[in-house]
>>> print(open('data-v8.csv').read())   # CSV, C-alpha atoms
chain,number,residue,atom,x,y,z
A,6,MET,CA,-14.4,-30.6,23.4
A,7,SER,CA,-16.6,-33.6,24.2
A,8,LEU,CA,-19.9,-35.3,24.1
A,9,VAL,CA,-22.4,-32.6,25.2
A,10,PHE,CA,-25.7,-34.5,24.7
A,11,ALA,CA,-26.9,-38.1,24.4
A,12,GLY,CA,-30.5,-39.2,23.9
A,13,VAL,CA,-32.8,-41.6,22.0
A,14,CYS,CA,-35.9,-41.1,20.0
A,15,SER,CA,-38.3,-42.9,17.7
A,16,HIS,CA,-38.2,-42.6,13.9
A,17,ALA,CA,-41.2,-44.5,12.5
A,18,PRO,CA,-42.5,-43.0,9.2
A,19,GLY,CA,-46.0,-42.8,10.5
A,20,ILE,CA,-44.9,-40.2,13.1
A,21,THR,CA,-44.9,-37.6,10.3
A,22,GLY,CA,-46.6,-39.4,7.5
A,23,ARG,CA,-49.8,-40.4,9.4
A,24,LYS,CA,-49.9,-37.6,11.9
A,25,ASP,CA,-53.5,-36.7,11.0
A,26,ARG,CA,-54.7,-40.2,12.0
A,27,ALA,CA,-53.4,-40.2,15.6
A,28,ASP,CA,-55.1,-39.1,18.7
A,29,PRO,CA,-54.1,-35.4,18.7
A,30,VAL,CA,-53.7,-35.2,22.5
A,31,VAL,CA,-51.1,-38.1,22.6
A,32,ARG,CA,-49.5,-37.0,19.3
A,33,ASP,CA,-49.1,-33.4,20.5
A,34,ALA,CA,-47.6,-34.5,23.8
A,35,PHE,CA,-45.1,-36.7,21.8
A,36,TYR,CA,-44.3,-33.8,19.4
A,37,ALA,CA,-43.8,-31.5,22.5
A,38,SER,CA,-41.2,-34.0,23.8
A,39,TYR,CA,-39.3,-34.0,20.5
A,40,ASP,CA,-39.3,-30.2,20.8
A,41,ARG,CA,-38.0,-30.4,24.3
A,42,MET,CA,-35.2,-32.5,23.0
A,43,ARG,CA,-34.5,-30.0,20.3
A,44,GLN,CA,-34.2,-27.3,22.9
A,45,ALA,CA,-32.0,-29.4,25.1
A,46,ILE,CA,-29.7,-30.1,22.1
A,47,GLU,CA,-29.6,-26.4,21.1
A,48,ALA,CA,-28.9,-25.4,24.7
A,49,GLN,CA,-25.7,-27.3,24.5
A,50,ARG,CA,-24.6,-25.3,21.4
A,51,PRO,CA,-23.3,-28.4,19.5
A,52,ASP,CA,-21.1,-28.1,16.5
A,53,ALA,CA,-22.4,-31.4,15.1
A,54,LEU,CA,-25.1,-34.0,15.7
A,55,VAL,CA,-24.2,-37.7,15.4
A,56,VAL,CA,-27.3,-39.7,14.5
A,57,ILE,CA,-27.0,-43.4,15.3
A,58,GLY,CA,-29.8,-44.8,13.1
A,59,ALA,CA,-31.0,-48.0,11.6
A,60,GLU,CA,-31.8,-47.3,7.9
A,61,HIS,CA,-34.1,-49.4,5.7
A,62,PHE,CA,-32.2,-50.1,2.5
A,63,ALA,CA,-31.8,-46.5,1.4
A,64,ASN,CA,-28.0,-47.0,1.0
A,65,PHE,CA,-27.0,-50.4,2.1
A,66,PHE,CA,-28.1,-53.7,0.7
A,67,MET,CA,-27.2,-57.4,0.9
A,68,ASN,CA,-24.7,-57.0,-2.0
A,69,ASN,CA,-22.3,-55.3,0.4
A,70,MET,CA,-23.8,-54.8,3.9
A,71,PRO,CA,-21.7,-53.0,6.5
A,72,ALA,CA,-22.4,-54.0,10.1
A,73,ILE,CA,-21.7,-50.3,11.0
A,74,CYS,CA,-21.1,-47.5,8.6
A,75,VAL,CA,-20.4,-43.8,9.4
A,76,GLY,CA,-21.0,-41.0,7.0
A,77,MET,CA,-18.2,-38.8,5.8
A,78,GLY,CA,-20.0,-36.7,3.2
A,79,GLU,CA,-20.0,-32.9,2.6
A,80,HIS,CA,-23.7,-33.2,2.6
A,81,TYR,CA,-26.6,-35.7,2.5
A,82,GLU,CA,-30.0,-35.8,0.9
A,83,GLY,CA,-33.4,-37.1,2.0
A,84,PRO,CA,-35.9,-38.4,2.3
A,85,ILE,CA,-35.8,-41.1,-0.4
A,86,GLU,CA,-39.5,-41.6,0.3
A,87,ASP,CA,-42.3,-39.7,-1.4
A,88,GLU,CA,-42.6,-36.4,0.3
A,89,VAL,CA,-46.4,-36.6,0.7
A,90,TRP,CA,-46.2,-40.2,2.0
A,91,LEU,CA,-43.6,-39.3,4.7
A,92,GLY,CA,-44.8,-35.7,5.3
A,93,ILE,CA,-41.3,-34.4,5.0
A,94,LYS,CA,-40.0,-32.3,2.1
A,95,HIS,CA,-36.9,-33.4,0.2
A,96,THR,CA,-33.9,-31.4,1.4
A,97,ARG,CA,-30.1,-31.3,1.6
A,98,VAL,CA,-28.5,-31.7,5.0
A,99,PRO,CA,-25.0,-30.4,5.8
A,100,GLY,CA,-22.3,-33.0,6.7
A,101,ALA,CA,-19.2,-32.5,8.8
A,102,PRO,CA,-16.6,-34.4,6.7
A,103,GLU,CA,-13.5,-33.4,8.5
A,104,LEU,CA,-15.0,-34.2,11.9
A,105,SER,CA,-16.4,-37.5,10.5
A,106,LYS,CA,-13.0,-38.5,9.3
A,107,ARG,CA,-11.5,-37.9,12.7
A,108,LEU,CA,-14.2,-39.7,14.5
A,109,ILE,CA,-14.0,-42.7,12.1
A,110,THR,CA,-10.2,-42.8,12.4
A,111,ASP,CA,-10.5,-42.8,16.2
A,112,VAL,CA,-13.3,-45.3,16.4
A,113,MET,CA,-11.4,-47.6,14.1
A,114,GLN,CA,-8.7,-48.1,16.7
A,115,ASP,CA,-11.2,-50.3,18.5
A,116,ILE,CA,-14.0,-51.2,16.1
A,117,ASP,CA,-14.0,-52.0,12.3
A,118,LEU,CA,-16.1,-49.6,10.4
A,119,ALA,CA,-17.2,-48.9,6.9
A,120,TYR,CA,-17.5,-45.2,5.8
A,121,ALA,CA,-19.6,-43.5,3.1
A,122,GLN,CA,-19.1,-40.2,1.4
A,123,GLU,CA,-22.5,-40.6,-0.3
A,124,TRP,CA,-25.6,-41.2,1.8
A,125,LYS,CA,-29.3,-40.8,1.2
A,126,PHE,CA,-31.4,-40.4,4.3
A,127,ASP,CA,-34.7,-42.3,4.7
A,128,HIS,CA,-37.3,-41.9,7.4
A,129,GLY,CA,-34.9,-43.4,9.9
A,130,ILE,CA,-32.9,-40.2,10.0
A,131,MET,CA,-35.2,-37.7,8.4
A,132,VAL,CA,-38.1,-38.1,10.9
A,133,PRO,CA,-35.8,-37.3,13.9
A,134,LEU,CA,-34.1,-34.4,12.0
A,135,SER,CA,-37.4,-32.9,11.1
A,136,PHE,CA,-38.1,-32.4,14.8
A,137,LEU,CA,-34.6,-31.9,16.2
A,138,THR,CA,-33.0,-29.7,13.5
A,139,PRO,CA,-36.0,-28.5,11.6
A,140,ARG,CA,-34.0,-25.9,9.7
A,141,TYR,CA,-31.5,-28.6,8.7
A,142,ASP,CA,-28.6,-26.3,9.6
A,143,LEU,CA,-26.7,-28.4,12.1
A,144,PRO,CA,-24.0,-30.5,10.5
A,145,ILE,CA,-24.8,-34.2,10.8
A,146,VAL,CA,-22.6,-37.3,11.1
A,147,PRO,CA,-24.8,-40.2,10.3
A,148,VAL,CA,-24.1,-43.7,11.6
A,149,ASN,CA,-25.9,-46.8,10.5
A,150,ILE,CA,-26.1,-50.0,12.3
A,151,ASN,CA,-27.5,-52.8,10.1
A,152,CYS,CA,-30.7,-53.9,11.8
A,153,GLN,CA,-32.5,-55.1,8.7
A,154,GLY,CA,-30.4,-57.7,6.8
A,155,PRO,CA,-29.2,-60.5,9.1
A,156,PRO,CA,-26.6,-61.6,10.1
A,157,LEU,CA,-26.7,-58.5,12.4
A,158,ILE,CA,-23.8,-57.3,14.6
A,159,PRO,CA,-24.1,-58.6,18.2
A,160,LEU,CA,-25.4,-56.2,20.9
A,161,LYS,CA,-22.1,-56.3,22.8
A,162,ARG,CA,-20.3,-55.0,19.7
A,163,CYS,CA,-22.9,-52.2,19.5
A,164,TYR,CA,-22.1,-51.2,23.1
A,165,GLU,CA,-18.4,-51.3,22.3
A,166,PHE,CA,-19.0,-49.1,19.3
A,167,GLY,CA,-20.8,-46.6,21.5
A,168,ARG,CA,-17.9,-46.6,23.9
A,169,ALA,CA,-15.4,-46.1,21.1
A,170,LEU,CA,-17.5,-43.3,19.8
A,171,ARG,CA,-17.5,-41.6,23.2
A,172,ARG,CA,-13.7,-41.8,23.4
A,173,ALA,CA,-13.5,-40.3,19.9
A,174,CYS,CA,-16.0,-37.5,20.8
A,175,ASP,CA,-14.0,-36.7,23.9
A,176,ARG,CA,-10.8,-36.3,21.9
A,177,ALA,CA,-12.5,-34.0,19.4
A,178,ALA,CA,-12.3,-30.2,19.8
A,179,GLU,CA,-16.0,-29.9,18.8
A,180,ARG,CA,-19.1,-30.0,21.0
A,181,ILE,CA,-20.9,-33.1,19.8
A,182,ALA,CA,-24.4,-34.2,20.4
A,183,VAL,CA,-25.4,-37.9,19.8
A,184,VAL,CA,-28.9,-39.2,19.3
A,185,GLY,CA,-29.8,-42.9,18.8
A,186,THR,CA,-32.9,-43.7,17.0
A,187,GLY,CA,-34.7,-47.0,16.6
A,188,GLY,CA,-37.4,-49.4,17.8
A,189,ILE,CA,-38.3,-50.4,20.4
A,190,SER,CA,-40.9,-53.1,20.1
A,191,HIS,CA,-42.8,-53.0,16.8
A,192,TRP,CA,-43.9,-55.0,13.8
A,193,PRO,CA,-43.5,-52.4,11.1
A,194,ALA,CA,-44.2,-52.9,7.5
A,195,SER,CA,-46.2,-56.1,8.1
A,196,PRO,CA,-49.9,-57.0,8.6
A,197,ASP,CA,-49.1,-56.8,12.3
A,198,SER,CA,-48.2,-53.1,12.0
A,199,GLY,CA,-49.6,-51.3,15.0
A,200,LYS,CA,-48.9,-54.2,17.4
A,201,ILE,CA,-46.7,-52.9,20.3
A,202,ASN,CA,-45.5,-54.9,23.3
A,203,GLU,CA,-45.7,-52.2,26.0
A,204,PRO,CA,-44.5,-54.3,29.0
A,205,TRP,CA,-41.5,-55.4,26.9
A,206,ASP,CA,-40.8,-51.8,26.0
A,207,ARG,CA,-41.0,-50.6,29.6
A,208,GLU,CA,-38.7,-53.4,30.8
A,209,PHE,CA,-36.2,-52.6,28.1
A,210,LEU,CA,-36.4,-48.9,28.8
A,211,GLN,CA,-35.7,-49.6,32.5
A,212,HIS,CA,-32.5,-51.3,31.6
A,213,PHE,CA,-31.6,-48.6,29.1
A,214,LEU,CA,-32.3,-45.7,31.5
A,215,SER,CA,-30.3,-47.3,34.3
A,216,ASN,CA,-27.6,-48.0,31.7
A,217,ASP,CA,-27.4,-51.6,32.9
A,218,ARG,CA,-24.9,-53.0,30.4
A,219,GLU,CA,-25.3,-56.6,31.6
A,220,ALA,CA,-29.1,-56.5,31.3
A,221,LEU,CA,-29.0,-54.8,27.9
A,222,LEU,CA,-26.5,-57.3,26.5
A,223,ALA,CA,-28.5,-60.2,27.8
A,224,TYR,CA,-31.2,-59.7,25.1
A,225,ARG,CA,-31.1,-62.4,22.5
A,226,ASP,CA,-32.3,-61.7,18.9
A,227,GLU,CA,-34.5,-64.8,18.8
A,228,ASP,CA,-36.4,-63.6,21.9
A,229,THR,CA,-36.5,-60.0,20.7
A,230,TRP,CA,-37.8,-61.0,17.3
A,231,ARG,CA,-40.5,-63.1,18.9
A,232,ASP,CA,-41.5,-60.7,21.7
A,233,ALA,CA,-40.7,-57.3,20.2
A,234,GLY,CA,-41.0,-57.9,16.4
A,235,GLN,CA,-38.5,-57.6,13.6
A,236,GLY,CA,-38.5,-53.8,14.5
A,237,GLY,CA,-37.2,-54.7,18.0
A,238,LEU,CA,-33.9,-55.7,16.5
A,239,GLU,CA,-33.3,-51.9,16.2
A,240,ILE,CA,-32.5,-51.9,20.0
A,241,ARG,CA,-29.0,-51.9,18.6
A,242,THR,CA,-29.2,-48.2,18.3
A,243,PHE,CA,-30.3,-47.8,21.9
A,244,VAL,CA,-27.5,-50.2,23.1
A,245,ALA,CA,-24.9,-48.2,21.2
A,246,LEU,CA,-26.1,-45.0,22.7
A,247,ALA,CA,-26.0,-46.6,26.1
A,248,GLY,CA,-22.3,-47.4,25.4
A,249,THR,CA,-21.7,-43.8,24.3
A,250,ALA,CA,-23.2,-42.6,27.6
A,251,GLU,CA,-21.6,-45.3,29.7
A,252,GLY,CA,-21.6,-44.3,33.4
A,253,ALA,CA,-24.6,-42.0,33.0
A,254,THR,CA,-28.3,-42.9,33.6
A,255,GLY,CA,-31.2,-41.5,31.7
A,256,GLU,CA,-34.6,-39.9,32.1
A,257,LEU,CA,-37.7,-40.9,30.1
A,258,TRP,CA,-39.3,-37.8,28.7
A,259,PHE,CA,-42.0,-39.6,26.7
A,260,TYR,CA,-43.3,-43.1,26.1
A,261,ALA,CA,-46.7,-44.1,24.6
A,262,PRO,CA,-47.6,-46.9,22.3
A,263,ILE,CA,-49.2,-45.1,19.4
A,264,ALA,CA,-50.6,-47.8,17.1
A,265,ILE,CA,-51.1,-45.7,14.0
A,266,PHE,CA,-47.4,-44.7,14.3
A,267,SER,CA,-46.6,-48.5,14.5
A,268,VAL,CA,-44.2,-48.1,17.4
A,269,GLY,CA,-43.8,-47.4,21.1
A,270,CYS,CA,-43.0,-43.8,20.8
A,271,THR,CA,-40.1,-42.9,22.9
A,272,ILE,CA,-38.0,-39.9,23.9
A,273,ALA,CA,-35.3,-40.3,26.5
A,274,VAL,CA,-32.2,-38.4,27.5
A,275,MET,CA,-29.1,-39.4,29.3
A,276,ASN,CA,-27.9,-37.2,32.1
A,277,LEU,CA,-24.2,-36.9,31.2
A,278,ALA,CA,-23.4,-34.9,34.3
A,279,LYS,CA,-24.7,-37.6,36.6
A,280,ARG,CA,-22.8,-40.8,36.9
A,281,ALA,CA,-24.6,-44.2,37.4
A,282,ALA,CA,-24.3,-45.8,40.8
B,7,MET,CA,-34.5,-65.9,-9.9
B,8,SER,CA,-34.4,-65.5,-6.2
B,9,LEU,CA,-35.6,-63.4,-3.4
B,10,TYR,CA,-32.3,-61.6,-3.4
B,11,THR,CA,-32.9,-60.4,-7.0
B,12,VAL,CA,-36.5,-59.4,-6.4
B,13,GLN,CA,-35.3,-57.3,-3.4
B,14,LYS,CA,-32.4,-55.8,-5.3
B,15,LEU,CA,-34.7,-54.5,-8.0
B,16,ILE,CA,-37.0,-53.0,-5.3
B,17,TYR,CA,-34.0,-51.5,-3.5
B,18,GLN,CA,-32.9,-49.8,-6.7
B,19,LEU,CA,-36.3,-48.6,-7.5
B,20,ASN,CA,-36.9,-47.1,-4.1
B,21,ARG,CA,-33.7,-45.1,-3.9
B,22,ASP,CA,-32.7,-44.2,-7.5
B,23,PRO,CA,-34.9,-41.8,-9.5
B,24,ALA,CA,-33.2,-42.9,-12.8
B,25,VAL,CA,-34.2,-46.5,-12.2
B,26,ARG,CA,-37.7,-45.3,-11.3
B,27,LYS,CA,-37.9,-43.4,-14.5
B,28,ARG,CA,-37.1,-46.6,-16.5
B,29,TYR,CA,-39.7,-48.5,-14.5
B,30,GLU,CA,-42.2,-46.0,-15.7
B,31,THR,CA,-41.1,-45.7,-19.4
B,32,ASP,CA,-39.2,-48.9,-20.2
B,33,PHE,CA,-40.7,-51.4,-17.7
B,34,GLU,CA,-40.1,-54.6,-19.6
B,35,ALA,CA,-36.6,-53.8,-20.6
B,36,LEU,CA,-35.8,-53.0,-17.0
B,37,LEU,CA,-37.3,-56.3,-15.8
B,38,GLY,CA,-35.3,-58.1,-18.5
B,39,GLU,CA,-32.1,-57.1,-16.8
B,40,TYR,CA,-33.0,-59.1,-13.7
B,41,GLN,CA,-33.1,-62.9,-13.6
B,42,LEU,CA,-36.7,-63.2,-12.4
B,43,SER,CA,-39.0,-66.2,-12.4
B,44,GLU,CA,-42.5,-66.1,-14.0
B,45,GLU,CA,-44.1,-65.7,-10.6
B,46,GLU,CA,-41.7,-62.8,-9.7
B,47,LEU,CA,-42.3,-61.1,-13.1
B,48,ARG,CA,-46.0,-61.4,-12.5
B,49,ALA,CA,-45.7,-59.9,-9.1
B,50,PHE,CA,-44.0,-56.8,-10.6
B,51,ARG,CA,-46.2,-56.5,-13.6
B,52,GLU,CA,-49.4,-56.7,-11.6
B,53,SER,CA,-48.1,-54.7,-8.6
B,54,ASP,CA,-49.0,-57.7,-6.5
B,55,ILE,CA,-47.8,-56.4,-3.1
B,56,GLY,CA,-49.4,-59.5,-1.4
B,57,LEU,CA,-47.4,-61.9,-3.5
B,58,LEU,CA,-44.1,-59.9,-2.9
B,59,TYR,CA,-44.9,-60.0,0.8
B,60,VAL,CA,-45.5,-63.7,0.8
B,61,MET,CA,-42.3,-64.3,-1.1
B,62,GLY,CA,-40.5,-62.8,1.8
B,63,VAL,CA,-39.5,-59.4,0.6
B,64,ASN,CA,-38.2,-57.4,3.6
B,65,GLY,CA,-41.1,-55.3,4.8
B,66,GLN,CA,-39.0,-52.1,4.8
B,67,LEU,CA,-38.3,-52.6,1.1
B,68,LEU,CA,-41.9,-53.5,0.4
B,69,MET,CA,-43.4,-50.6,2.4
B,70,HIS,CA,-41.5,-48.0,0.3
B,71,TYR,CA,-42.3,-49.9,-2.9
B,72,ALA,CA,-46.0,-50.1,-2.1
B,73,ALA,CA,-46.0,-46.3,-1.5
B,74,LEU,CA,-44.2,-45.8,-4.8
B,75,ARG,CA,-46.9,-47.9,-6.5
B,76,GLY,CA,-49.6,-45.6,-5.0
B,77,PHE,CA,-50.9,-47.9,-2.2
B,78,GLU,CA,-52.5,-45.9,0.6
B,79,TRP,CA,-51.5,-47.2,4.0
B,80,ASN,CA,-54.6,-49.2,4.7
B,81,ALA,CA,-54.6,-50.6,1.2
B,82,TYR,CA,-51.0,-51.6,1.6
B,83,ILE,CA,-51.7,-53.5,4.9
B,84,GLU,CA,-54.7,-55.1,3.3
B,85,ALA,CA,-52.7,-56.2,0.3
B,86,MET,CA,-50.3,-58.1,2.5
B,87,ARG,CA,-53.3,-59.8,4.3
B,88,GLU,CA,-54.8,-60.6,0.9
B,89,GLY,CA,-51.5,-62.1,-0.2
B,90,GLU,CA,-51.5,-64.4,2.8
B,91,ARG,CA,-55.0,-65.6,2.1
B,92,LYS,CA,-54.3,-66.1,-1.6
B,93,TYR,CA,-50.7,-67.5,-1.5
B,94,GLY,CA,-50.3,-68.9,2.1
B,95,PRO,CA,-47.9,-67.9,4.8
B,96,VAL,CA,-44.7,-65.9,4.3
B,97,ARG,CA,-42.0,-68.1,2.8
B,98,SER,CA,-39.0,-66.4,4.3
B,99,ARG,CA,-38.6,-66.0,8.0
B,100,LEU,CA,-37.9,-62.4,9.1
B,101,TYR,CA,-41.3,-61.0,8.2
B,102,THR,CA,-43.5,-64.0,9.2
B,103,ARG,CA,-46.5,-63.1,11.3
B,104,ALA,CA,-46.3,-62.6,15.0
B,105,GLY,CA,-48.8,-65.4,15.8
B,106,SER,CA,-46.9,-68.0,13.8
B,107,ARG,CA,-43.7,-67.5,15.7
B,108,SER,CA,-42.5,-70.2,18.1
>>> encode(input="data-v8.csv", output="structure tokens")
Amino acid sequence: MSLVFAGVCSHAPGITGRKDRADPVVRDAFYASYDRMRQAIEAQRPDALVVIGAEHFANFFMNNMPAICVGMGEHYEGPIEDEVWLGIKHTRVPGAPELSKRLITDVMQDIDLAYAQEWKFDHGIMVPLSFLTPRYDLPIVPVNINCQGPPLIPLKRCYEFGRALRRACDRAAERIAVVGTGGISHWPASPDSGKINEPWDREFLQHFLSNDREALLAYRDEDTWRDAGQGGLEIRTFVALAGTAEGATGELWFYAPIAIFSVGCTIAVMNLAKRAA
Amino acid sequence: MSLYTVQKLIYQLNRDPAVRKRYETDFEALLGEYQLSEEELRAFRESDIGLLYVMGVNGQLLMHYAALRGFEWNAYIEAMREGERKYGPVRSRLYTRAGSRS
């Protein structure tokens, strides 16, 4: 039928793995926003959920690194991480191979893609799923944008991918929800872990929520790396989601820099019914 | 004998239970299949997370590997700091420290 939901959320492993070390008031408000997102997705009765993520070498490595890869598996497994370390039990997640194939074929009319029939989820997808589809019963179409091993795909191509995905969703008979998950500013997996540039995040979110394509595409990786950390390069997932929701503006449901989670924790949803000015 | 090879071994350890099993049971034979320098071998043999960090191993690879080696979160962060004190700044650029960026 079409795209029925579009939003973004954080995915840092500390969100589940170090939950007992966060201020419970802020953490619980964050968790409540994830749950609100779960309810909003369920209210749209989607047939499948596309997750535009930024994995961390669970599947893709510098021996053969796709700029963008879309899953086409019968099912997926995750997390690759230790269950106790991540706080998420290892499980099997249903795929939607036939839908994946149609979306991939459609998107390929505009954007070169890799596809994968095998895929192991790491925290980048498992953390969002643990909140948004906690029974792991909604078929998933995973998308990975390489944000880890440079050279990275330019932001304008991410936006174009998002647009192409939207066209493909609108041609499909299914009701499709799309969630982007990534940064924003953070210095994960480094001695600077916990550092968060809140003013940078808020400015970026303003551009994202107003779906200001020009402002979003004006970010340069060198500046992002300096001001928002290596984790900031994951804004690619937000930019792709903005492309998917082109014409719509968004609403920020939650933002708080939570140092022990190593990221500016974010939940935002695009209002697909309302067009941008 | 390169950062690429070091990272490839960590990548395979992180994601593949069969490789992890060999790491536990046939460690030297597994290491022998990768062209690693003496320093790189030492980093693996001694689980020297700080040295791997300074070599420039991507933090996302190293974070999972440190967890695999049993490093609790604070110990893992401290191991990277200790690596900087002992071996100097990170040699490869992506994961250099915030303060050292121009």
>>> residues_around(input="data-v8.csv", residues="Asn68 in chain A", least_positions_apart="3", cutoff="10 Å", atoms="only C-alpha atoms", output="ChimeraX atom specification")
/A:65,71 /B:10,14
>>> interface_residues(input="data-v8.csv", of="chain A", to="chain B", cutoff="6 Å", atoms="all atoms listed in the file", output="list in words")
His61, Ala63, Ile85, Ala194 and Pro196 of chain A
>>> residues_around(input="data-v8.csv", residues="range 136-153 of chain A", least_positions_apart="2", cutoff="6 Å", atoms="only C-alpha atoms", output="list in words")
Arg43, Ala53, Leu54, Val55, Val56, Ile57, Gly58, Ala59, Ala72, Ile73, Cys74, Val75, Gly76, Val98, Pro99, Gly100, Ala101, Pro133, Leu134, Leu238 and Glu239 of chain A
>>> write_last_selection(input="data-v8.csv", atoms="C-alpha atoms", output="CSV table (one decimal), in the coordinates of the input")
chain,number,residue,atom,x,y,z
A,43,ARG,CA,-34.5,-30.0,20.3
A,53,ALA,CA,-22.4,-31.4,15.1
A,54,LEU,CA,-25.1,-34.0,15.7
A,55,VAL,CA,-24.2,-37.7,15.4
A,56,VAL,CA,-27.3,-39.7,14.5
A,57,ILE,CA,-27.0,-43.4,15.3
A,58,GLY,CA,-29.8,-44.8,13.1
A,59,ALA,CA,-31.0,-48.0,11.6
A,72,ALA,CA,-22.4,-54.0,10.1
A,73,ILE,CA,-21.7,-50.3,11.0
A,74,CYS,CA,-21.1,-47.5,8.6
A,75,VAL,CA,-20.4,-43.8,9.4
A,76,GLY,CA,-21.0,-41.0,7.0
A,98,VAL,CA,-28.5,-31.7,5.0
A,99,PRO,CA,-25.0,-30.4,5.8
A,100,GLY,CA,-22.3,-33.0,6.7
A,101,ALA,CA,-19.2,-32.5,8.8
A,133,PRO,CA,-35.8,-37.3,13.9
A,134,LEU,CA,-34.1,-34.4,12.0
A,238,LEU,CA,-33.9,-55.7,16.5
A,239,GLU,CA,-33.3,-51.9,16.2
>>> closest_residue(input="data-v8.csv", among="A:His80, A:Lys200, A:Arg207, A:His212", to="Phe266 in chain A", atoms="only C-alpha atoms")
A:Lys200
>>> atom_distance(input="data-v8.csv", atom1="CA of Glu52 in chain B", atom2="CA of Phe62 in chain A")
23.2 Å
>>> closest_residue(input="data-v8.csv", among="A:Ser190, A:Val268, A:Arg218, A:Trp258", to="Gln235 in chain A", atoms="only C-alpha atoms")
A:Ser190
>>> decode(input="data-v8.csv", residues="range 7-36 of chain B", atoms="C-alpha atoms", output="CSV table (one decimal), in the first residue's frame")
chain,number,residue,atom,x,y,z
B,7,MET,CA,51.1,-7.8,9.1
B,8,SER,CA,48.8,-4.8,8.9
B,9,LEU,CA,46.0,-3.2,10.7
B,10,TYR,CA,43.7,-4.7,8.1
B,11,THR,CA,44.7,-8.2,9.1
B,12,VAL,CA,44.4,-7.5,12.8
B,13,GLN,CA,41.0,-6.1,12.3
B,14,LYS,CA,40.0,-9.1,10.1
B,15,LEU,CA,40.9,-11.6,12.8
B,16,ILE,CA,38.8,-9.6,15.3
B,17,TYR,CA,35.9,-9.3,12.9
B,18,GLN,CA,35.8,-13.0,12.5
B,19,LEU,CA,36.2,-13.7,16.2
B,20,ASN,CA,33.4,-11.3,17.0
B,21,ARG,CA,30.8,-12.8,14.6
B,22,ASP,CA,31.7,-16.4,14.1
B,23,PRO,CA,31.3,-18.9,17.0
B,24,ALA,CA,33.4,-21.5,15.1
B,25,VAL,CA,36.4,-19.1,15.0
B,26,ARG,CA,35.8,-18.2,18.6
B,27,LYS,CA,36.0,-21.9,19.6
B,28,ARG,CA,39.3,-22.2,17.8
B,29,TYR,CA,40.5,-19.1,19.6
B,30,GLU,CA,39.8,-20.9,22.9
B,31,THR,CA,41.1,-24.3,22.0
B,32,ASP,CA,43.7,-23.8,19.2
B,33,PHE,CA,44.8,-20.3,19.7
B,34,GLU,CA,48.3,-20.4,18.3
B,35,ALA,CA,47.2,-22.4,15.2
B,36,LEU,CA,44.5,-19.8,14.5
